[in-house]
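Coordinates from coords_27.tsv are shown below (TSV, C-alpha atoms).
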```tsv
chain	number	residue	atom	x	y	z
J	5	MET	CA	-88.17	4.03	5.03
J	6	ARG	CA	-91.75	5.14	5.77
J	7	GLU	CA	-94.32	2.75	7.17
J	8	ASN	CA	-96.38	0.97	4.54
J	9	LYS	CA	-100.00	2.16	4.72
J	10	ARG	CA	-102.97	1.49	2.47
J	11	VAL	CA	-106.48	2.95	2.40
J	12	PHE	CA	-109.26	1.23	0.47
J	13	LEU	CA	-112.03	3.77	-0.16
J	14	ILE	CA	-115.14	2.10	-1.59
J	15	VAL	CA	-118.02	4.17	-2.95
J	16	LEU	CA	-121.33	2.32	-2.98
J	17	ASP	CA	-122.68	4.46	-5.81
J	18	SER	CA	-125.99	6.11	-4.81
J	19	VAL	CA	-126.46	4.41	-1.41
J	20	GLY	CA	-127.93	7.42	0.36
J	21	ILE	CA	-129.22	7.23	3.94
J	22	GLY	CA	-131.95	9.88	4.08
J	23	GLU	CA	-132.90	13.30	2.78
J	24	LEU	CA	-130.67	16.31	3.39
J	25	PRO	CA	-132.32	19.43	4.87
J	26	ASP	CA	-132.43	21.05	1.41
J	27	ALA	CA	-133.73	17.93	-0.38
J	28	ALA	CA	-137.02	19.63	-1.24
J	29	ASP	CA	-135.12	22.23	-3.27
J	30	TYR	CA	-134.01	19.38	-5.52
J	31	GLY	CA	-137.42	17.68	-5.69
J	32	ASP	CA	-136.27	14.95	-3.30
J	33	ALA	CA	-138.31	15.47	-0.13
J	34	GLY	CA	-138.75	12.15	1.65
J	35	SER	CA	-136.06	10.28	-0.28
J	36	ASN	CA	-134.27	7.57	1.68
J	37	THR	CA	-132.44	5.03	-0.45
J	38	ILE	CA	-131.34	2.66	2.32
J	39	LYS	CA	-134.84	2.63	3.87
J	40	ALA	CA	-136.35	1.75	0.50
J	41	ALA	CA	-133.89	-1.09	-0.07
J	42	ALA	CA	-134.23	-2.40	3.51
J	43	ALA	CA	-137.99	-2.82	3.00
J	44	SER	CA	-137.29	-5.55	0.44
J	45	PRO	CA	-137.27	-9.22	1.51
J	46	CYS	CA	-134.05	-9.49	-0.50
J	47	PHE	CA	-132.16	-7.17	1.88
J	48	SER	CA	-129.63	-8.53	4.39
J	49	MET	CA	-126.49	-6.73	5.64
J	50	PRO	CA	-125.31	-8.43	8.86
J	51	ASN	CA	-121.63	-7.74	8.18
J	52	MET	CA	-122.16	-4.02	7.61
J	53	LYS	CA	-124.27	-4.07	10.79
J	54	LYS	CA	-121.26	-5.36	12.74
J	55	LEU	CA	-119.14	-2.46	11.45
J	56	GLY	CA	-121.74	0.06	12.67
J	57	PHE	CA	-123.56	0.98	9.45
J	58	PHE	CA	-126.98	0.96	11.14
J	59	ASN	CA	-125.65	2.94	14.11
J	60	ILE	CA	-125.13	6.01	11.89
J	61	ASP	CA	-127.25	9.00	12.92
J	62	GLY	CA	-130.60	9.03	11.16
J	63	VAL	CA	-130.43	5.45	9.90
J	64	GLU	CA	-133.66	4.00	11.26
J	65	VAL	CA	-133.59	0.58	9.62
J	66	CYS	CA	-132.42	-2.69	11.18
J	67	GLU	CA	-131.15	-3.10	14.73
J	68	LYS	CA	-128.19	-1.16	16.10
J	69	GLU	CA	-124.96	-3.03	16.79
J	70	GLN	CA	-124.14	-3.10	20.49
J	71	LYS	CA	-120.35	-3.19	19.98
J	72	PRO	CA	-119.50	-1.99	16.47
J	73	THR	CA	-116.10	-3.06	15.15
J	74	GLY	CA	-115.81	0.06	13.00
J	75	ALA	CA	-116.21	3.82	13.38
J	76	PHE	CA	-118.91	5.69	11.53
J	77	ALA	CA	-120.41	9.07	10.58
J	78	ARG	CA	-123.21	10.65	8.57
J	79	MET	CA	-121.92	12.78	5.70
J	80	ALA	CA	-123.69	15.93	4.47
J	81	GLU	CA	-122.97	17.26	0.99
J	82	ALA	CA	-121.68	20.85	1.01
J	83	SER	CA	-121.64	21.14	-2.79
J	84	LYS	CA	-124.65	22.23	-4.82
J	85	GLY	CA	-125.71	19.15	-6.68
J	86	LYS	CA	-126.54	15.47	-6.38
J	87	ASP	CA	-124.63	13.89	-9.21
J	88	THR	CA	-121.73	11.47	-9.49
J	89	THR	CA	-119.11	13.99	-10.54
J	90	ILE	CA	-119.78	16.59	-7.84
J	91	GLY	CA	-120.19	13.88	-5.19
J	92	HIS	CA	-116.88	12.20	-5.97
J	93	TRP	CA	-115.06	15.52	-6.31
J	94	GLU	CA	-116.28	16.46	-2.83
J	95	ILE	CA	-115.16	13.09	-1.42
J	96	ALA	CA	-111.74	13.98	-2.85
J	97	GLY	CA	-111.73	17.45	-1.30
J	98	VAL	CA	-113.32	19.79	-3.86
J	99	ILE	CA	-116.54	21.59	-2.86
J	100	SER	CA	-118.60	22.90	-5.80
J	101	PRO	CA	-120.50	26.09	-4.89
J	102	THR	CA	-122.56	26.04	-8.09
J	103	PRO	CA	-124.18	23.04	-9.78
J	104	LEU	CA	-122.96	21.75	-13.12
J	105	PRO	CA	-125.29	22.69	-16.01
J	106	THR	CA	-128.27	20.47	-16.81
J	107	TYR	CA	-130.51	20.47	-19.87
J	108	PRO	CA	-134.13	19.58	-19.08
J	109	ASN	CA	-135.17	20.92	-22.50
J	110	GLY	CA	-132.27	19.44	-24.48
J	111	PHE	CA	-129.02	21.00	-25.66
J	112	PRO	CA	-128.84	24.29	-27.63
J	113	GLN	CA	-129.22	23.82	-31.37
J	114	GLU	CA	-126.05	25.74	-32.18
J	115	LEU	CA	-124.04	23.33	-30.03
J	116	LEU	CA	-125.59	20.30	-31.76
J	117	ASP	CA	-124.99	21.86	-35.17
J	118	GLU	CA	-121.30	22.18	-34.41
J	119	PHE	CA	-121.19	18.60	-33.09
J	120	SER	CA	-122.87	17.37	-36.30
J	121	GLU	CA	-120.42	19.32	-38.44
J	122	ARG	CA	-117.44	17.88	-36.58
J	123	THR	CA	-118.73	14.28	-36.68
J	124	GLY	CA	-120.47	14.35	-40.05
J	125	ARG	CA	-123.58	12.80	-38.53
J	126	GLY	CA	-127.09	14.00	-37.75
J	127	ILE	CA	-128.70	13.99	-34.30
J	128	LEU	CA	-131.70	12.12	-32.90
J	129	CYS	CA	-133.66	12.72	-29.66
J	130	ASN	CA	-131.92	15.59	-27.77
J	131	LYS	CA	-134.09	15.21	-24.66
J	132	PRO	CA	-133.80	13.85	-21.14
J	133	TYR	CA	-134.41	10.11	-21.51
J	134	SER	CA	-133.96	6.75	-19.86
J	135	GLY	CA	-130.91	5.01	-21.35
J	136	THR	CA	-132.75	1.77	-22.01
J	137	GLU	CA	-135.85	3.48	-23.40
J	138	VAL	CA	-133.94	5.80	-25.72
J	139	ILE	CA	-132.39	2.93	-27.65
J	140	ARG	CA	-135.75	1.20	-27.77
J	141	ASP	CA	-137.44	4.30	-29.20
J	142	TYR	CA	-134.68	5.59	-31.49
J	143	GLY	CA	-132.58	2.50	-32.20
J	144	ASP	CA	-134.31	1.58	-35.48
J	145	GLU	CA	-134.04	5.10	-36.93
J	146	HIS	CA	-130.40	5.29	-35.83
J	147	ARG	CA	-129.62	2.05	-37.68
J	148	LYS	CA	-131.40	3.26	-40.83
J	149	THR	CA	-129.88	6.76	-40.92
J	150	GLY	CA	-126.58	6.52	-39.01
J	151	LYS	CA	-127.61	9.53	-36.93
J	152	LEU	CA	-126.32	9.71	-33.37
J	153	ILE	CA	-128.73	9.33	-30.44
J	154	VAL	CA	-127.94	12.27	-28.16
J	155	TYR	CA	-129.75	12.52	-24.85
J	156	THR	CA	-129.34	13.71	-21.28
J	157	SER	CA	-130.89	13.12	-17.84
J	158	ALA	CA	-131.45	15.08	-14.65
J	159	ASP	CA	-127.67	14.89	-14.25
J	160	SER	CA	-125.10	17.08	-15.97
J	161	VAL	CA	-124.44	14.63	-18.80
J	162	PHE	CA	-124.25	14.59	-22.61
J	163	GLN	CA	-124.83	10.98	-23.66
J	164	VAL	CA	-124.26	9.54	-27.12
J	165	ALA	CA	-125.73	6.13	-27.98
J	166	ALA	CA	-124.79	4.19	-31.11
J	167	HIS	CA	-125.16	0.60	-32.31
J	168	GLU	CA	-121.79	-1.11	-32.50
J	169	GLU	CA	-122.53	-2.43	-36.01
J	170	VAL	CA	-123.38	1.07	-37.25
J	171	ILE	CA	-120.61	3.00	-35.50
J	172	PRO	CA	-117.56	1.11	-34.21
J	173	VAL	CA	-116.90	1.69	-30.53
J	174	GLU	CA	-113.59	3.46	-31.11
J	175	THR	CA	-115.32	5.86	-33.51
J	176	LEU	CA	-118.03	6.53	-30.94
J	177	TYR	CA	-115.29	7.29	-28.42
J	178	GLU	CA	-113.75	9.77	-30.85
J	179	TYR	CA	-117.13	11.47	-31.29
J	180	CYS	CA	-117.41	11.77	-27.50
J	181	ARG	CA	-113.93	13.30	-27.31
J	182	ILE	CA	-115.14	15.90	-29.83
J	183	ALA	CA	-118.21	16.56	-27.67
J	184	ARG	CA	-115.99	16.94	-24.60
J	185	GLU	CA	-113.98	19.64	-26.42
J	186	LEU	CA	-117.18	21.49	-27.34
J	187	LEU	CA	-118.80	21.23	-23.92
J	188	SER	CA	-116.78	23.73	-21.92
J	189	GLY	CA	-117.41	27.06	-20.22
J	190	GLU	CA	-121.13	27.64	-19.67
J	191	HIS	CA	-121.87	24.27	-21.27
J	192	GLY	CA	-119.23	22.41	-19.26
J	193	VAL	CA	-121.28	19.33	-18.36
J	194	GLY	CA	-119.85	16.98	-15.77
J	195	ARG	CA	-119.61	14.02	-18.12
J	196	VAL	CA	-119.84	13.10	-21.78
J	197	ILE	CA	-120.80	9.42	-21.91
J	198	ALA	CA	-120.39	6.97	-24.79
J	199	ARG	CA	-123.27	4.46	-24.71
J	200	PRO	CA	-122.69	1.66	-27.24
J	201	PHE	CA	-125.44	-0.92	-27.73
J	202	THR	CA	-126.12	-4.07	-29.75
J	203	GLY	CA	-129.08	-6.25	-30.74
J	204	GLU	CA	-132.03	-6.15	-33.09
J	205	SER	CA	-135.23	-4.11	-33.24
J	206	GLY	CA	-137.25	-4.62	-30.08
J	207	ASN	CA	-134.31	-6.20	-28.29
J	208	TYR	CA	-131.51	-3.64	-28.03
J	209	THR	CA	-129.05	-3.99	-25.15
J	210	ARG	CA	-126.42	-1.58	-23.85
J	211	THR	CA	-122.94	-3.11	-23.71
J	212	VAL	CA	-120.24	-2.86	-21.04
J	213	ARG	CA	-118.10	-0.68	-23.32
J	214	ARG	CA	-119.52	2.52	-21.88
J	215	HIS	CA	-116.90	5.25	-21.49
J	216	ASP	CA	-117.09	8.53	-19.56
J	217	TYR	CA	-115.26	11.74	-20.45
J	218	SER	CA	-115.31	14.01	-17.42
J	219	LEU	CA	-114.36	17.56	-16.67
J	220	GLN	CA	-111.10	17.81	-14.79
J	221	PRO	CA	-111.63	18.84	-11.16
J	222	PRO	CA	-111.20	22.63	-10.90
J	223	LYS	CA	-108.95	22.47	-7.82
J	224	LEU	CA	-106.32	20.28	-6.18
J	225	THR	CA	-107.78	16.99	-4.94
J	226	MET	CA	-106.69	14.39	-2.44
J	227	LEU	CA	-105.61	12.28	-5.43
J	228	ASP	CA	-103.30	15.03	-6.71
J	229	GLN	CA	-101.75	15.60	-3.31
J	230	LEU	CA	-101.10	11.90	-2.70
J	231	SER	CA	-99.66	11.16	-6.14
J	232	GLN	CA	-97.51	14.31	-6.10
J	233	ASN	CA	-96.01	13.15	-2.81
J	234	GLY	CA	-95.05	9.70	-4.04
J	235	PHE	CA	-98.06	7.66	-2.93
J	236	ALA	CA	-99.88	5.23	-5.19
J	237	VAL	CA	-103.41	6.24	-6.22
J	238	LEU	CA	-105.14	3.18	-7.68
J	239	SER	CA	-108.54	3.43	-9.37
J	240	VAL	CA	-111.08	0.59	-9.63
J	241	GLY	CA	-114.12	1.21	-11.84
J	242	LYS	CA	-115.14	4.62	-13.14
J	243	ILE	CA	-113.03	6.66	-10.68
J	244	VAL	CA	-110.44	7.21	-13.43
J	245	ASP	CA	-113.13	8.67	-15.68
J	246	ILE	CA	-114.73	10.85	-13.00
J	247	PHE	CA	-111.37	12.51	-12.34
J	248	ALA	CA	-110.32	12.56	-16.02
J	249	GLU	CA	-107.25	10.50	-14.98
J	250	LYS	CA	-105.92	13.44	-12.93
J	251	GLY	CA	-103.94	12.34	-9.86
J	252	ILE	CA	-104.30	8.61	-10.61
J	253	THR	CA	-101.21	6.43	-10.93
J	254	GLU	CA	-102.86	3.15	-12.03
J	255	TYR	CA	-106.36	2.05	-12.96
J	256	VAL	CA	-108.56	-0.89	-13.92
J	257	ARG	CA	-112.07	-0.64	-15.32
J	258	THR	CA	-114.86	-2.95	-14.26
J	259	GLU	CA	-117.93	-4.61	-15.76
J	260	SER	CA	-120.04	-5.05	-12.60
J	261	ASN	CA	-120.01	-4.83	-8.82
J	262	ALA	CA	-118.76	-8.42	-8.67
J	263	ASP	CA	-115.91	-7.55	-11.03
J	264	GLY	CA	-115.13	-4.41	-9.00
J	265	ILE	CA	-114.94	-6.36	-5.76
J	266	ALA	CA	-112.75	-9.02	-7.42
J	267	LYS	CA	-110.36	-6.39	-8.76
J	268	THR	CA	-110.23	-4.66	-5.37
J	269	LEU	CA	-109.25	-7.99	-3.82
J	270	GLU	CA	-106.50	-8.32	-6.44
J	271	TYR	CA	-105.10	-4.94	-5.37
J	272	MET	CA	-105.38	-5.96	-1.72
J	273	ASN	CA	-103.05	-8.84	-2.49
J	274	LYS	CA	-100.44	-6.51	-4.01
J	275	ASP	CA	-97.83	-4.37	-2.30
J	276	PHE	CA	-98.33	-0.60	-2.56
J	277	ASN	CA	-98.27	2.44	-0.32
J	278	GLY	CA	-101.26	4.71	-0.82
J	279	LEU	CA	-104.93	4.81	-1.78
J	280	CYS	CA	-107.13	2.38	-3.69
J	281	PHE	CA	-110.29	4.29	-4.70
J	282	VAL	CA	-113.19	2.04	-5.79
J	283	ASN	CA	-116.59	2.77	-7.36
J	284	LEU	CA	-119.29	0.08	-7.39
J	285	VAL	CA	-121.86	1.47	-9.80
J	286	ASP	CA	-124.55	-1.21	-10.16
J	287	TYR	CA	-126.73	0.16	-7.34
J	288	ASP	CA	-127.18	3.39	-9.27
J	289	MET	CA	-126.99	2.28	-12.89
J	290	LEU	CA	-128.94	-0.98	-12.80
J	291	TYR	CA	-131.36	-0.56	-9.92
J	292	GLY	CA	-131.78	3.01	-8.64
J	293	HIS	CA	-132.44	4.57	-12.02
J	294	ARG	CA	-134.83	1.73	-12.88
J	295	ASN	CA	-136.76	1.85	-9.59
J	296	ASP	CA	-135.88	-1.79	-8.96
J	297	ILE	CA	-136.15	-2.07	-5.17
J	298	ASP	CA	-135.48	-5.81	-4.97
J	299	GLY	CA	-132.54	-5.55	-7.37
J	300	TYR	CA	-131.07	-2.76	-5.28
J	301	ALA	CA	-131.54	-4.83	-2.12
J	302	ARG	CA	-129.94	-7.91	-3.70
J	303	ALA	CA	-126.92	-5.83	-4.78
J	304	LEU	CA	-126.44	-4.55	-1.22
J	305	THR	CA	-126.81	-8.08	0.14
J	306	TYR	CA	-124.18	-9.30	-2.34
J	307	PHE	CA	-121.72	-6.64	-1.20
J	308	ASP	CA	-122.35	-7.62	2.41
J	309	GLU	CA	-121.71	-11.27	1.57
J	310	GLN	CA	-118.38	-10.33	-0.03
J	311	LEU	CA	-117.36	-7.97	2.80
J	312	PRO	CA	-115.67	-10.72	4.90
J	313	LYS	CA	-113.31	-11.38	1.97
J	314	LEU	CA	-112.32	-7.71	1.92
J	315	LEU	CA	-111.86	-7.61	5.68
J	316	GLY	CA	-109.88	-10.86	5.60
J	317	ALA	CA	-107.47	-9.47	3.00
J	318	MET	CA	-106.58	-6.41	5.08
J	319	ARG	CA	-103.04	-6.00	6.41
J	320	GLU	CA	-101.62	-4.36	9.53
J	321	GLY	CA	-101.52	-0.80	8.14
J	322	ASP	CA	-104.75	-0.98	6.12
J	323	VAL	CA	-107.88	1.13	6.54
J	324	LEU	CA	-111.20	0.36	4.85
J	325	MET	CA	-113.64	3.22	4.27
J	326	ILE	CA	-117.11	2.67	2.79
J	327	THR	CA	-119.21	5.63	1.66
J	328	ALA	CA	-121.49	6.89	-1.14
J	329	ASP	CA	-121.71	9.89	-3.49
J	330	HIS	CA	-125.48	10.71	-3.44
J	331	GLY	CA	-128.78	8.85	-3.23
J	332	CYS	CA	-131.02	7.23	-5.84
J	333	ASP	CA	-134.15	6.12	-3.99
J	334	PRO	CA	-135.72	3.29	-6.03
J	335	SER	CA	-139.09	3.68	-4.29
J	336	THR	CA	-139.92	7.24	-5.39
J	337	PRO	CA	-141.67	8.15	-8.67
J	338	SER	CA	-138.43	9.82	-9.82
J	339	THR	CA	-135.77	7.70	-11.49
J	340	ASP	CA	-133.11	10.34	-10.86
J	341	HIS	CA	-130.50	10.80	-8.14
J	342	SER	CA	-131.71	12.07	-4.78
J	343	ARG	CA	-130.21	14.69	-2.47
J	344	GLU	CA	-129.32	12.61	0.61
J	345	TYR	CA	-126.87	12.16	3.42
J	346	THR	CA	-124.32	9.42	2.77
J	347	PRO	CA	-122.79	6.85	5.12
J	348	LEU	CA	-119.18	6.60	6.18
J	349	VAL	CA	-117.95	3.42	7.85
J	350	MET	CA	-114.25	3.06	8.75
J	351	TYR	CA	-112.41	-0.07	9.82
J	352	GLY	CA	-108.83	-1.07	10.58
J	353	LYS	CA	-106.43	-1.72	13.43
J	354	SER	CA	-105.66	2.01	13.64
J	355	VAL	CA	-109.37	2.99	13.71
J	356	MET	CA	-111.20	3.75	16.98
J	357	ALA	CA	-113.81	0.99	16.96
J	358	GLY	CA	-117.34	1.90	18.01
J	359	LYS	CA	-116.84	5.66	17.74
J	360	ASN	CA	-119.71	7.71	16.31
J	361	PHE	CA	-118.46	10.90	14.67
J	362	GLY	CA	-121.95	12.30	14.21
J	363	THR	CA	-122.98	14.33	11.18
J	364	ARG	CA	-120.12	15.85	9.19
J	365	LYS	CA	-120.49	19.09	7.25
J	366	SER	CA	-118.92	17.82	4.04
J	367	PHE	CA	-117.95	14.68	2.15
J	368	ALA	CA	-114.54	16.41	1.93
J	369	ASP	CA	-113.81	15.30	5.50
J	370	ILE	CA	-113.01	11.91	3.94
J	371	ALA	CA	-110.20	13.48	1.88
J	372	ALA	CA	-108.76	15.37	4.84
J	373	THR	CA	-108.86	12.25	7.01
J	374	ILE	CA	-107.16	10.05	4.42
J	375	LEU	CA	-104.43	12.64	3.85
J	376	SER	CA	-103.84	12.86	7.59
J	377	TYR	CA	-103.43	9.08	7.76
J	378	PHE	CA	-100.57	9.38	5.27
J	379	GLY	CA	-98.97	12.18	7.26
J	380	GLN	CA	-100.01	14.87	4.77
J	381	LYS	CA	-101.40	18.26	5.76
J	382	PRO	CA	-104.59	18.56	3.66
J	383	GLU	CA	-104.32	21.18	0.91
J	384	CYS	CA	-107.93	20.62	-0.17
J	385	ALA	CA	-111.27	21.20	1.58
J	386	GLY	CA	-112.43	19.17	4.55
J	387	GLU	CA	-111.86	18.70	8.27
J	388	ILE	CA	-109.91	15.75	9.65
J	389	ILE	CA	-112.06	13.16	11.44
J	390	PRO	CA	-110.03	12.18	14.55
J	391	VAL	CA	-110.65	8.47	13.98
J	392	PHE	CA	-107.11	7.09	14.20
J	393	TYR	CA	-105.26	6.07	17.34
J	394	ALA	CA	-102.21	8.23	17.92
```

Spit out the file's structure as structure tokens when you get a sec.
Amino acid sequence: MRENKRVFLIVLDSVGIGELPDAADYGDAGSNTIKAAAASPCFSMPNMKKLGFFNIDGVEVCEKEQKPTGAFARMAEASKGKDTTIGHWEIAGVISPTPLPTYPNGFPQELLDEFSERTGRGILCNKPYSGTEVIRDYGDEHRKTGKLIVYTSADSVFQVAAHEEVIPVETLYEYCRIARELLSGEHGVGRVIARPFTGESGNYTRTVRRHDYSLQPPKLTMLDQLSQNGFAVLSVGKIVDIFAEKGITEYVRTESNADGIAKTLEYMNKDFNGLCFVNLVDYDMLYGHRNDIDGYARALTYFDEQLPKLLGAMREGDVLMITADHGCDPSTPSTDHSREYTPLVMYGKSVMAGKNFGTRKSFADIAATILSYFGQKPECAGEIIPVFYA
């Protein structure tokens, strides 16, 4: 009988730690998400400090920890992109040499015509837009006409917003499945996103019933390799959507960071042998994209306050890894993701405490390292970080 091991991999969505060397190519020169958040009076992360978060190369906020209880590294993104899908795929061992398509001028008319024919509904907007502003500006016309609000962003996304009283949520999901079928090949966007909303004119609100329809990763991932070899791969939050369910053995969706942490703790109290992969999205969705520095800082502080519960629930063979998928600096004029390094903090009885593993060439090193912990020779991209005691 093999030794019971568990890895809890938590992605603090968009918590970047400073511009990558090619950030200017993406319009992100000077971006530094953690520096922006740390400037807020609402920011406090003493527990992450103890693990070594502020000892990571290039992190020039807060004091360094003299004797970190965790190991740490700075992660560079090898893929071309700065979005959720590409970032998570790389964490799982897939490097994307070309970016997913984006649509700064809206989607091609012939594609929208086919979508309208398949759904029987007209189209509104078809531009890059803020998700809260698009329902404010087009919500009334949508309710009068029944037309779908289709919009995008700087990311590779096709988003469809609809009022729940006009189009039932399950119908909206079906429309998004149709869009996912159409958006392939050269128009293979990373995600099709259902964006239901409620409310009255002047007071529309997006609901928690968002649903993402992602491309399947083009190559074998860490999740595939683990699940194919009999390990559990548990998803908390939108991980299951980002990987289009591929390689995942069990999942729960979440409504907030607090809910995500609570559901992670529930999994920590269960017996399994394998990986629990968690995404906490509020940093990105609620604060980064809205340039809310104090909100971003409060969300980081909340995670830090909950961290002792996570550490206290760990067992003998457990490893905790905390990372991010890109940046989203709330202090810059842009409301989009930013091309940044990401943090990696590792903790557990098998982890070499206090060790700095410098700057890594790829997020994929996380995948290789996790696979090595489970005794698997990595079949995906990435180099093993020698963080575990023999």

Can you list, as a PyMOL selection string, every protein, DNA or RNA residue that comes within 9 Å of Gln70 in chain J when you count only C-alpha atoms, leaving out same-chain residues fewer than 3 positions away?
chain J and resi 54+56+59+358

Determine the nearest neighbour of Phe247 in chain J from the options J:Ala262, J:Leu348, J:Leu104, J:Leu224, counting all atoms listed in the file.
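The answer is J:Leu224, which sits nearest to Phe247 in chain J.
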
Residue nearest Ala42 in chain J - candidates J:Ala301, J:Val98, J:Met356, J:Val196, atoms counted: only C-alpha atoms
J:Ala301

How far is it from CA of Asp141 in chain J to CA of Ser218 in chain J, in Å with one decimal?
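Answer for the CA of Asp141 in chain J to CA of Ser218 in chain J separation: 26.9 Å.
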
Who sits within 8 Å of Leu152 in chain J, all atoms listed in the file, same chain under 4 positions skipped, as number ranges by chain:
J: 125-128, 146, 164-166

Smallest atom-to-atom distance to Gln310 in chain J: which of J:Asn261, J:Asn130, J:Ser342, J:Asn295, using only C-alpha atoms?
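Using only C-alpha atoms, Gln310 in chain J sits closest to J:Asn261.
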
In Å, rounded to a single decimal, give me how far CA of Leu284 in chain J is from CA of Ala82 in chain J.
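Separating CA of Ala82 in chain J from CA of Leu284 in chain J is a distance of 22.5 Å.
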
Find the residues near Gly20 in chain J: any atom within 7 Å, counting only C-alpha atoms, skip ones fewer than 4 places away on the same chain, and give them as a PyMOL selection string.
chain J and resi 36-38+328+330-332+344-346

Could you please determine the separation between CA of Cys66 in chain J and CA of Ala40 in chain J in Å, to one decimal place?
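Here the two named atoms are 12.2 Å from each other.
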
Just the residues within 10 Å of Ile171 in chain J, please, counting all atoms listed in the file, with nothing from its chain fewer than 6 positions along; format it as a list in words.
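Here the qualifying residues turn out to be Arg147, Gly150, Lys151, Leu152, Ala165, Tyr177, Pro200 and Phe201 of chain J.
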
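For the set J:Pro337, J:Gly189, J:Pro221, J:Gly264, the residue with the smallest atom-to-atom gap to Lys242 in chain J is J:Gly264, counting only C-alpha atoms.
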
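The residue that comes closest to Lys353 in chain J, out of J:Val11, J:Met49, J:Cys280, J:Ile243 and on the basis of all atoms listed in the file, is J:Val11.
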
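When only C-alpha atoms are used to measure the gap to Asp228 in chain J, the shortest distance among J:Ala371, J:Val19, J:Val193, J:Ala266 belongs to J:Ala371.
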
Write out as a tab-separated table the residues of range 184-207 of chain J that have any atom within 6 Å of an atom of range 214-217 of chain J, one row each with the nearest atom pair and its distance in Å to one decimal, counting all atoms listed in the file, sorted by chain and then rising number.
```
residue	atom	partner	partner_atom	distance
J:Arg195	CA	J:Tyr217	CA	5.4
J:Val196	CA	J:Tyr217	CA	5.0
J:Ile197	CA	J:Asp216	CA	4.5
J:Ala198	CA	J:His215	CA	5.1
J:Arg199	CA	J:Arg214	CA	5.1
```

Long-range neighbours of Asp17 in chain J as a list of chain:residue names, 7 Å cut-off, only C-alpha atoms, 3 positions minimum in chain
J:Asn283, J:Leu284, J:Val285, J:Tyr287, J:Asp288, J:Ala328, J:Asp329

Output range 344-357 of chain J as a PDB file, keeping the file's coordinate frame, making sure N, CA and C atoms are there.
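Below is the file out-v2.pdb, written as the result:
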```
ATOM      1  N   GLU J 344    -129.289  13.315  -0.667  1.00  0.00           N
ATOM      2  CA  GLU J 344    -129.320  12.610   0.610  1.00  0.00           C
ATOM      3  C   GLU J 344    -127.988  12.690   1.353  1.00  0.00           C
ATOM      4  N   TYR J 345    -128.069  12.446   2.652  1.00  0.00           N
ATOM      5  CA  TYR J 345    -126.870  12.160   3.420  1.00  0.00           C
ATOM      6  C   TYR J 345    -126.266  10.859   2.884  1.00  0.00           C
ATOM      7  N   THR J 346    -124.975  10.672   3.129  1.00  0.00           N
ATOM      8  CA  THR J 346    -124.320   9.420   2.770  1.00  0.00           C
ATOM      9  C   THR J 346    -123.660   8.810   4.002  1.00  0.00           C
ATOM     10  N   PRO J 347    -123.425   7.501   3.981  1.00  0.00           N
ATOM     11  CA  PRO J 347    -122.790   6.850   5.120  1.00  0.00           C
ATOM     12  C   PRO J 347    -121.266   6.936   5.027  1.00  0.00           C
ATOM     13  N   LEU J 348    -120.619   6.841   6.151  1.00  0.00           N
ATOM     14  CA  LEU J 348    -119.180   6.600   6.180  1.00  0.00           C
ATOM     15  C   LEU J 348    -118.913   5.590   7.292  1.00  0.00           C
ATOM     16  N   VAL J 349    -118.364   4.454   6.901  1.00  0.00           N
ATOM     17  CA  VAL J 349    -117.950   3.420   7.850  1.00  0.00           C
ATOM     18  C   VAL J 349    -116.453   3.226   7.683  1.00  0.00           C
ATOM     19  N   MET J 350    -115.713   3.184   8.785  1.00  0.00           N
ATOM     20  CA  MET J 350    -114.250   3.060   8.750  1.00  0.00           C
ATOM     21  C   MET J 350    -113.818   1.894   9.621  1.00  0.00           C
ATOM     22  N   TYR J 351    -112.850   1.130   9.117  1.00  0.00           N
ATOM     23  CA  TYR J 351    -112.410  -0.070   9.820  1.00  0.00           C
ATOM     24  C   TYR J 351    -110.920  -0.285   9.616  1.00  0.00           C
ATOM     25  N   GLY J 352    -110.245  -0.745  10.655  1.00  0.00           N
ATOM     26  CA  GLY J 352    -108.830  -1.070  10.580  1.00  0.00           C
ATOM     27  C   GLY J 352    -108.245  -1.081  11.979  1.00  0.00           C
ATOM     28  N   LYS J 353    -107.056  -1.621  12.108  1.00  0.00           N
ATOM     29  CA  LYS J 353    -106.430  -1.720  13.430  1.00  0.00           C
ATOM     30  C   LYS J 353    -106.125  -0.343  14.021  1.00  0.00           C
ATOM     31  N   SER J 354    -105.965   0.657  13.168  1.00  0.00           N
ATOM     32  CA  SER J 354    -105.660   2.010  13.640  1.00  0.00           C
ATOM     33  C   SER J 354    -106.911   2.846  13.888  1.00  0.00           C
ATOM     34  N   VAL J 355    -108.094   2.262  13.609  1.00  0.00           N
ATOM     35  CA  VAL J 355    -109.370   2.990  13.710  1.00  0.00           C
ATOM     36  C   VAL J 355    -110.001   2.766  15.082  1.00  0.00           C
ATOM     37  N   MET J 356    -110.529   3.834  15.676  1.00  0.00           N
ATOM     38  CA  MET J 356    -111.200   3.750  16.980  1.00  0.00           C
ATOM     39  C   MET J 356    -112.549   3.061  16.830  1.00  0.00           C
ATOM     40  N   ALA J 357    -112.597   1.787  17.133  1.00  0.00           N
ATOM     41  CA  ALA J 357    -113.810   0.990  16.960  1.00  0.00           C
ATOM     42  C   ALA J 357    -114.936   1.506  17.840  1.00  0.00           C
TER      43      ALA J 357
END
```
